Amino acid sequence: MTVAIGERYARKLSDRLEKRGLTVLWLPENGDIDPRLSGHADLSLFAAGKKAVAAKGIYPHIVNYLTNRGCSVIQAREQGPVYPSDAGLCLCPVGNHLIYNPKAADPAAVAAAGERIPVPVAQGYTRCAALAVDDRSIITSDAGVSRAAKSAGLDVLHIRPGYIGLDGYEAGFIGGSAFAISDEVIAFTGALDLHPDRERILGFLAAHGKRADFLTEDPIFDIGGAIAV
């Protein structure tokens, strides 16, 4: 399995991911967005199947890698450092559904997602705010995402906001701090011991045939997730 992750997290995570058999495409910093988030993969790359949309700030660095893997890559529209101009690629595919903010989303990313059922929400950082557990379920702390996903027929675990580290911000999000590394395993950047919903999260994963793998011993922290490519 190959995943794209911001290179600023390579020092902390590279050995852990390699030991788990993953190939990592380390994404360079995206100079067009806020420096606190410029290493977040979910703001720089959207991929679905053999189609990808890459932010202008990283496009030249990764296009050859992805095209050599048979992926069609196009450049995203201009981004900026202020939300929601940085969130155009932060859409969350969940099986046949696509959770996203139509006002913030880059039309090229929506098109690359294909014929998925749209689940419109107000949250622009959708992929960061929601963790896709499988094709029919998510975990999120965002109330609007939770309501919309439930209305679309998805199984949702709504957890309390906070308790996830993100430098420069009060807290990060669950979708930015966890990602699938196999059909059975969801990797978390760090431990859930300080999260009040730890047991609910682990129980929800188990109910969906998944188990958690903790990449570090640090408290869970937001890296902008990982994009399967």
# chains A, B, ... in the order shown; residues from 1 in each chain; ligands from 1
call {"tool": "residues_around", "arguments": {"residues": "Gly176 of chain A", "least_positions_apart": "2", "cutoff": "6 Å", "atoms": "only C-alpha atoms", "output": "ChimeraX atom specification"}}
result
/A:128,173-174,178,222-225
call {"tool": "write_last_selection", "arguments": {"atoms": "N, CA and C atoms", "output": "PDB file, in the first residue's frame"}}
result
ATOM      1  N   CYS A 128     -10.304  16.045   6.983  1.00  0.00           N
ATOM      2  CA  CYS A 128      -9.632  16.131   8.276  1.00  0.00           C
ATOM      3  C   CYS A 128     -10.627  15.887   9.414  1.00  0.00           C
ATOM      4  N   PHE A 173      -8.099  17.231  14.367  1.00  0.00           N
ATOM      5  CA  PHE A 173      -9.267  16.413  14.063  1.00  0.00           C
ATOM      6  C   PHE A 173      -8.893  14.940  13.923  1.00  0.00           C
ATOM      7  N   ILE A 174      -9.877  14.076  14.087  1.00  0.00           N
ATOM      8  CA  ILE A 174      -9.666  12.634  14.037  1.00  0.00           C
ATOM      9  C   ILE A 174      -9.264  12.154  12.640  1.00  0.00           C
ATOM     10  N   ALA A 178      -5.566   9.837  11.796  1.00  0.00           N
ATOM     11  CA  ALA A 178      -5.716   8.385  11.641  1.00  0.00           C
ATOM     12  C   ALA A 178      -6.040   8.066  10.190  1.00  0.00           C
ATOM     13  N   ASP A 222      -2.538  15.561  14.877  1.00  0.00           N
ATOM     14  CA  ASP A 222      -3.073  15.749  13.534  1.00  0.00           C
ATOM     15  C   ASP A 222      -1.940  16.026  12.552  1.00  0.00           C
ATOM     16  N   ILE A 223      -1.833  15.213  11.494  1.00  0.00           N
ATOM     17  CA  ILE A 223      -0.807  15.427  10.461  1.00  0.00           C
ATOM     18  C   ILE A 223      -1.434  15.729   9.099  1.00  0.00           C
ATOM     19  N   GLY A 224      -2.744  15.909   9.064  1.00  0.00           N
ATOM     20  CA  GLY A 224      -3.420  16.069   7.779  1.00  0.00           C
ATOM     21  C   GLY A 224      -3.677  14.741   7.086  1.00  0.00           C
ATOM     22  N   GLY A 225      -3.673  13.684   7.868  1.00  0.00           N
ATOM     23  CA  GLY A 225      -4.024  12.368   7.344  1.00  0.00           C
ATOM     24  C   GLY A 225      -3.023  11.827   6.355  1.00  0.00           C
TER      25      GLY A 225
END
call {"tool": "closest_atom_pairs", "arguments": {"of": "segment 125-154 of chain A", "to": "segment 97-110 of chain A", "cutoff": "10 Å", "atoms": "only C-alpha atoms", "output": "tab-separated table"}}
result
residue	atom	partner	partner_atom	distance
A:Tyr125	CA	A:Tyr100	CA	8.1
A:Thr126	CA	A:Tyr100	CA	5.8
A:Arg127	CA	A:Ile99	CA	8.0
A:Ala130	CA	A:Ile99	CA	8.8
A:Asp135	CA	A:His97	CA	8.3
A:Arg136	CA	A:His97	CA	8.5
A:Val145	CA	A:Ile99	CA	7.8
A:Ala148	CA	A:Ile99	CA	8.5
A:Ala149	CA	A:Ile99	CA	7.6
A:Ala152	CA	A:His97	CA	8.4
A:Gly153	CA	A:His97	CA	9.9
A:Leu154	CA	A:His97	CA	9.0
call {"tool": "select_by_dssp", "arguments": {"residues": "segment 23-207 of chain A", "states": "alpha helix (DSSP H)", "output": "ChimeraX atom specification"}}
result
/A:41-44,59-68,107-112,126-129,143-151,198-207
call {"tool": "closest_residue", "arguments": {"among": "A:Asp134, A:His158, A:Val73, A:Ile220", "to": "Leu205 of chain A", "atoms": "only C-alpha atoms"}}
result
A:Asp134
call {"tool": "residues_around", "arguments": {"residues": "Gly70 of chain A", "least_positions_apart": "3", "cutoff": "12 Å", "atoms": "only C-alpha atoms", "output": "short mmCIF file (atom, residue, chain, number, x, y, z; two decimals) with C-alpha atoms, in the first residue's frame"}}
result
data_model
loop_
_atom_site.label_atom_id
_atom_site.label_comp_id
_atom_site.auth_asym_id
_atom_site.auth_seq_id
_atom_site.Cartn_x
_atom_site.Cartn_y
_atom_site.Cartn_z
CA GLY A 49 -8.92 5.59 -7.99
CA LYS A 50 -6.61 6.53 -10.85
CA LYS A 51 -7.36 10.25 -10.71
CA ALA A 52 -5.64 12.87 -8.61
CA VAL A 63 3.28 14.51 -10.90
CA ASN A 64 5.92 12.15 -12.33
CA TYR A 65 5.62 9.76 -9.40
CA LEU A 66 1.86 9.50 -9.74
CA THR A 67 1.73 9.36 -13.53
CA VAL A 73 -2.95 14.08 -12.33
CA VAL A 229 -2.34 6.65 -4.01
#
call {"tool": "residues_around", "arguments": {"residues": "segment 32-42 of chain A", "least_positions_apart": "2", "cutoff": "10 Å", "atoms": "only C-alpha atoms", "output": "PyMOL selection string"}}
result
chain A and resi 3-9+26-30+44-47+54-58+78-83+85-92+125-128+166-169+175-176+222-227
call {"tool": "write_last_selection", "arguments": {"atoms": "N, CA and C atoms", "output": "compact mmCIF listing (two decimals), in the first residue's frame"}}
result
# COMPACT_ATOMS: atom_id res chain seq x y z
N VAL A 3 0.90 5.45 0.51
CA VAL A 3 0.16 6.59 1.03
C VAL A 3 1.01 7.84 0.89
N ALA A 4 0.35 8.98 0.69
CA ALA A 4 1.02 10.27 0.63
C ALA A 4 0.83 10.98 1.97
N ILE A 5 1.95 11.44 2.54
CA ILE A 5 1.96 12.11 3.84
C ILE A 5 2.93 13.28 3.75
N GLY A 6 2.65 14.34 4.48
CA GLY A 6 3.54 15.50 4.49
C GLY A 6 4.93 15.14 4.99
N GLU A 7 5.95 15.61 4.28
CA GLU A 7 7.33 15.23 4.61
C GLU A 7 7.78 15.76 5.96
N ARG A 8 7.09 16.76 6.51
CA ARG A 8 7.50 17.28 7.81
C ARG A 8 7.33 16.23 8.92
N TYR A 9 6.56 15.17 8.62
CA TYR A 9 6.33 14.13 9.62
C TYR A 9 7.20 12.89 9.38
N TRP A 26 6.37 11.09 0.28
CA TRP A 26 6.49 12.23 1.19
C TRP A 26 6.26 13.53 0.41
N LEU A 27 5.21 14.24 0.77
CA LEU A 27 4.83 15.45 0.06
C LEU A 27 5.59 16.66 0.59
N PRO A 28 6.13 17.49 -0.31
CA PRO A 28 6.82 18.70 0.14
C PRO A 28 5.85 19.71 0.73
N GLU A 29 6.39 20.69 1.43
CA GLU A 29 5.58 21.76 2.00
C GLU A 29 4.86 22.53 0.89
N ASN A 30 3.63 22.86 1.15
CA ASN A 30 2.82 23.63 0.21
C ASN A 30 2.90 25.10 0.61
N SER A 44 -3.25 19.28 0.19
CA SER A 44 -2.39 19.37 -0.99
C SER A 44 -2.68 18.34 -2.07
N LEU A 45 -3.41 17.29 -1.72
CA LEU A 45 -3.62 16.23 -2.69
C LEU A 45 -4.98 15.57 -2.46
N PHE A 46 -5.72 15.38 -3.56
CA PHE A 46 -6.94 14.57 -3.53
C PHE A 46 -6.76 13.46 -4.55
N ALA A 47 -7.04 12.24 -4.14
CA ALA A 47 -6.91 11.10 -5.05
C ALA A 47 -8.09 10.17 -4.89
N ALA A 54 -3.63 17.77 -7.60
CA ALA A 54 -2.55 18.20 -6.72
C ALA A 54 -2.48 19.71 -6.64
N ALA A 55 -2.22 20.22 -5.45
CA ALA A 55 -2.09 21.66 -5.26
C ALA A 55 -0.93 22.20 -6.08
N LYS A 56 -1.10 23.42 -6.56
CA LYS A 56 -0.05 24.06 -7.36
C LYS A 56 1.28 24.04 -6.63
N GLY A 57 1.23 24.22 -5.32
CA GLY A 57 2.46 24.30 -4.54
C GLY A 57 3.28 23.02 -4.49
N ILE A 58 2.66 21.88 -4.80
CA ILE A 58 3.41 20.63 -4.77
C ILE A 58 3.36 19.88 -6.10
N GLU A 78 -5.95 27.81 -7.70
CA GLU A 78 -5.15 28.57 -6.76
C GLU A 78 -5.65 28.39 -5.32
N GLN A 79 -4.72 28.28 -4.40
CA GLN A 79 -5.04 28.23 -2.98
C GLN A 79 -4.54 29.49 -2.30
N GLY A 80 -5.00 29.70 -1.07
CA GLY A 80 -4.54 30.84 -0.29
C GLY A 80 -4.37 30.44 1.16
N PRO A 81 -3.78 31.30 1.98
CA PRO A 81 -3.48 30.95 3.36
C PRO A 81 -4.65 31.04 4.32
N VAL A 82 -5.79 31.58 3.87
CA VAL A 82 -6.93 31.80 4.76
C VAL A 82 -8.06 30.84 4.37
N TYR A 83 -8.61 30.14 5.37
CA TYR A 83 -9.76 29.26 5.14
C TYR A 83 -10.92 30.07 4.58
N SER A 85 -9.96 29.15 1.43
CA SER A 85 -9.21 29.10 0.19
C SER A 85 -8.12 28.03 0.19
N ASP A 86 -7.87 27.45 1.36
CA ASP A 86 -6.88 26.37 1.46
C ASP A 86 -7.51 24.98 1.42
N ALA A 87 -8.85 24.92 1.42
CA ALA A 87 -9.54 23.65 1.67
C ALA A 87 -10.11 22.98 0.43
N GLY A 88 -9.73 23.43 -0.74
CA GLY A 88 -10.35 22.93 -1.97
C GLY A 88 -10.19 21.44 -2.21
N LEU A 89 -9.14 20.83 -1.67
CA LEU A 89 -8.89 19.41 -1.91
C LEU A 89 -9.26 18.53 -0.72
N CYS A 90 -9.83 19.13 0.31
CA CYS A 90 -10.09 18.40 1.55
C CYS A 90 -11.49 17.79 1.56
N LEU A 91 -11.74 16.91 0.60
CA LEU A 91 -13.02 16.22 0.47
C LEU A 91 -12.87 14.81 1.03
N CYS A 92 -13.94 14.25 1.54
CA CYS A 92 -13.87 12.94 2.20
C CYS A 92 -14.71 11.89 1.47
N TYR A 125 -12.94 21.59 5.90
CA TYR A 125 -11.87 20.62 6.14
C TYR A 125 -12.49 19.23 6.38
N THR A 126 -13.23 18.75 5.41
CA THR A 126 -14.04 17.56 5.64
C THR A 126 -13.22 16.30 5.85
N ARG A 127 -12.19 16.11 5.02
CA ARG A 127 -11.40 14.89 5.17
C ARG A 127 -10.65 14.88 6.50
N CYS A 128 -10.30 16.05 6.98
CA CYS A 128 -9.63 16.13 8.28
C CYS A 128 -10.63 15.89 9.41
N LEU A 166 -2.44 19.66 17.55
CA LEU A 166 -2.14 20.28 16.27
C LEU A 166 -1.40 21.59 16.57
N ASP A 167 -0.12 21.63 16.26
CA ASP A 167 0.70 22.79 16.57
C ASP A 167 0.12 24.06 15.97
N GLY A 168 -0.01 25.07 16.81
CA GLY A 168 -0.53 26.36 16.36
C GLY A 168 -2.03 26.50 16.49
N TYR A 169 -2.72 25.42 16.87
CA TYR A 169 -4.17 25.44 17.02
C TYR A 169 -4.57 24.82 18.35
N GLY A 175 -9.86 12.74 11.59
CA GLY A 175 -9.51 12.32 10.24
C GLY A 175 -8.10 12.70 9.85
N GLY A 176 -7.55 13.71 10.48
CA GLY A 176 -6.18 14.12 10.21
C GLY A 176 -5.16 13.37 11.00
N ASP A 222 -2.54 15.56 14.88
CA ASP A 222 -3.07 15.75 13.53
C ASP A 222 -1.94 16.03 12.55
N ILE A 223 -1.83 15.21 11.49
CA ILE A 223 -0.81 15.43 10.46
C ILE A 223 -1.43 15.73 9.10
N GLY A 224 -2.74 15.91 9.06
CA GLY A 224 -3.42 16.07 7.78
C GLY A 224 -3.68 14.74 7.09
N GLY A 225 -3.67 13.68 7.87
CA GLY A 225 -4.02 12.37 7.34
C GLY A 225 -3.02 11.83 6.35
N ALA A 226 -3.45 10.78 5.66
CA ALA A 226 -2.65 10.13 4.62
C ALA A 226 -3.58 9.83 3.45
N ILE A 227 -3.11 10.08 2.26
CA ILE A 227 -3.91 9.88 1.05
C ILE A 227 -3.43 8.63 0.34
call {"tool": "residues_around", "arguments": {"residues": "Arg116 of chain A", "least_positions_apart": "3", "cutoff": "9 Å", "atoms": "only C-alpha atoms", "output": "compact mmCIF listing (two decimals) with N, CA and C atoms, in the first residue's frame"}}
result
# COMPACT_ATOMS: atom_id res chain seq x y z
N PRO A 93 -14.08 11.03 0.66
CA PRO A 93 -14.81 9.91 0.05
C PRO A 93 -15.07 8.82 1.09
N VAL A 94 -16.30 8.34 1.13
CA VAL A 94 -16.65 7.22 2.01
C VAL A 94 -17.46 6.25 1.17
N GLY A 95 -16.80 5.24 0.63
CA GLY A 95 -17.47 4.31 -0.26
C GLY A 95 -18.05 5.04 -1.45
N ASN A 96 -19.36 4.90 -1.65
CA ASN A 96 -20.04 5.55 -2.76
C ASN A 96 -20.52 6.96 -2.45
N HIS A 97 -20.12 7.48 -1.29
CA HIS A 97 -20.52 8.82 -0.88
C HIS A 97 -19.31 9.77 -0.91
N LEU A 98 -19.60 11.04 -1.03
CA LEU A 98 -18.56 12.07 -0.97
C LEU A 98 -19.04 13.18 -0.05
N ALA A 113 -13.63 12.62 -8.07
CA ALA A 113 -14.28 11.66 -7.16
C ALA A 113 -15.26 10.77 -7.88
call {"tool": "atom_distance", "arguments": {"atom1": "atom CA of Ala132 of chain A", "atom2": "atom CA of Ala180 of chain A"}}
result
8.3 Å
call {"tool": "atom_distance", "arguments": {"atom1": "atom CA of Ile181 of chain A", "atom2": "atom CA of Ala48 of chain A"}}
result
16.0 Å
call {"tool": "closest_residue", "arguments": {"among": "A:Ile138, A:Tyr163, A:Phe204, A:Ser146", "to": "Pro120 of chain A", "atoms": "only C-alpha atoms"}}
result
A:Ser146
call {"tool": "atom_distance", "arguments": {"atom1": "atom CA of Val121 of chain A", "atom2": "atom CA of Ala206 of chain A"}}
result
27.3 Å
call {"tool": "select_by_dssp", "arguments": {"residues": "segment 92-227 of chain A", "states": "strand (DSSP E or B)", "output": "PyMOL selection string"}}
result
chain A and resi 92-94+97-100+117-120+130-134+137-140+155-158+165+178-180+185-188+191+211-214+219+221+227
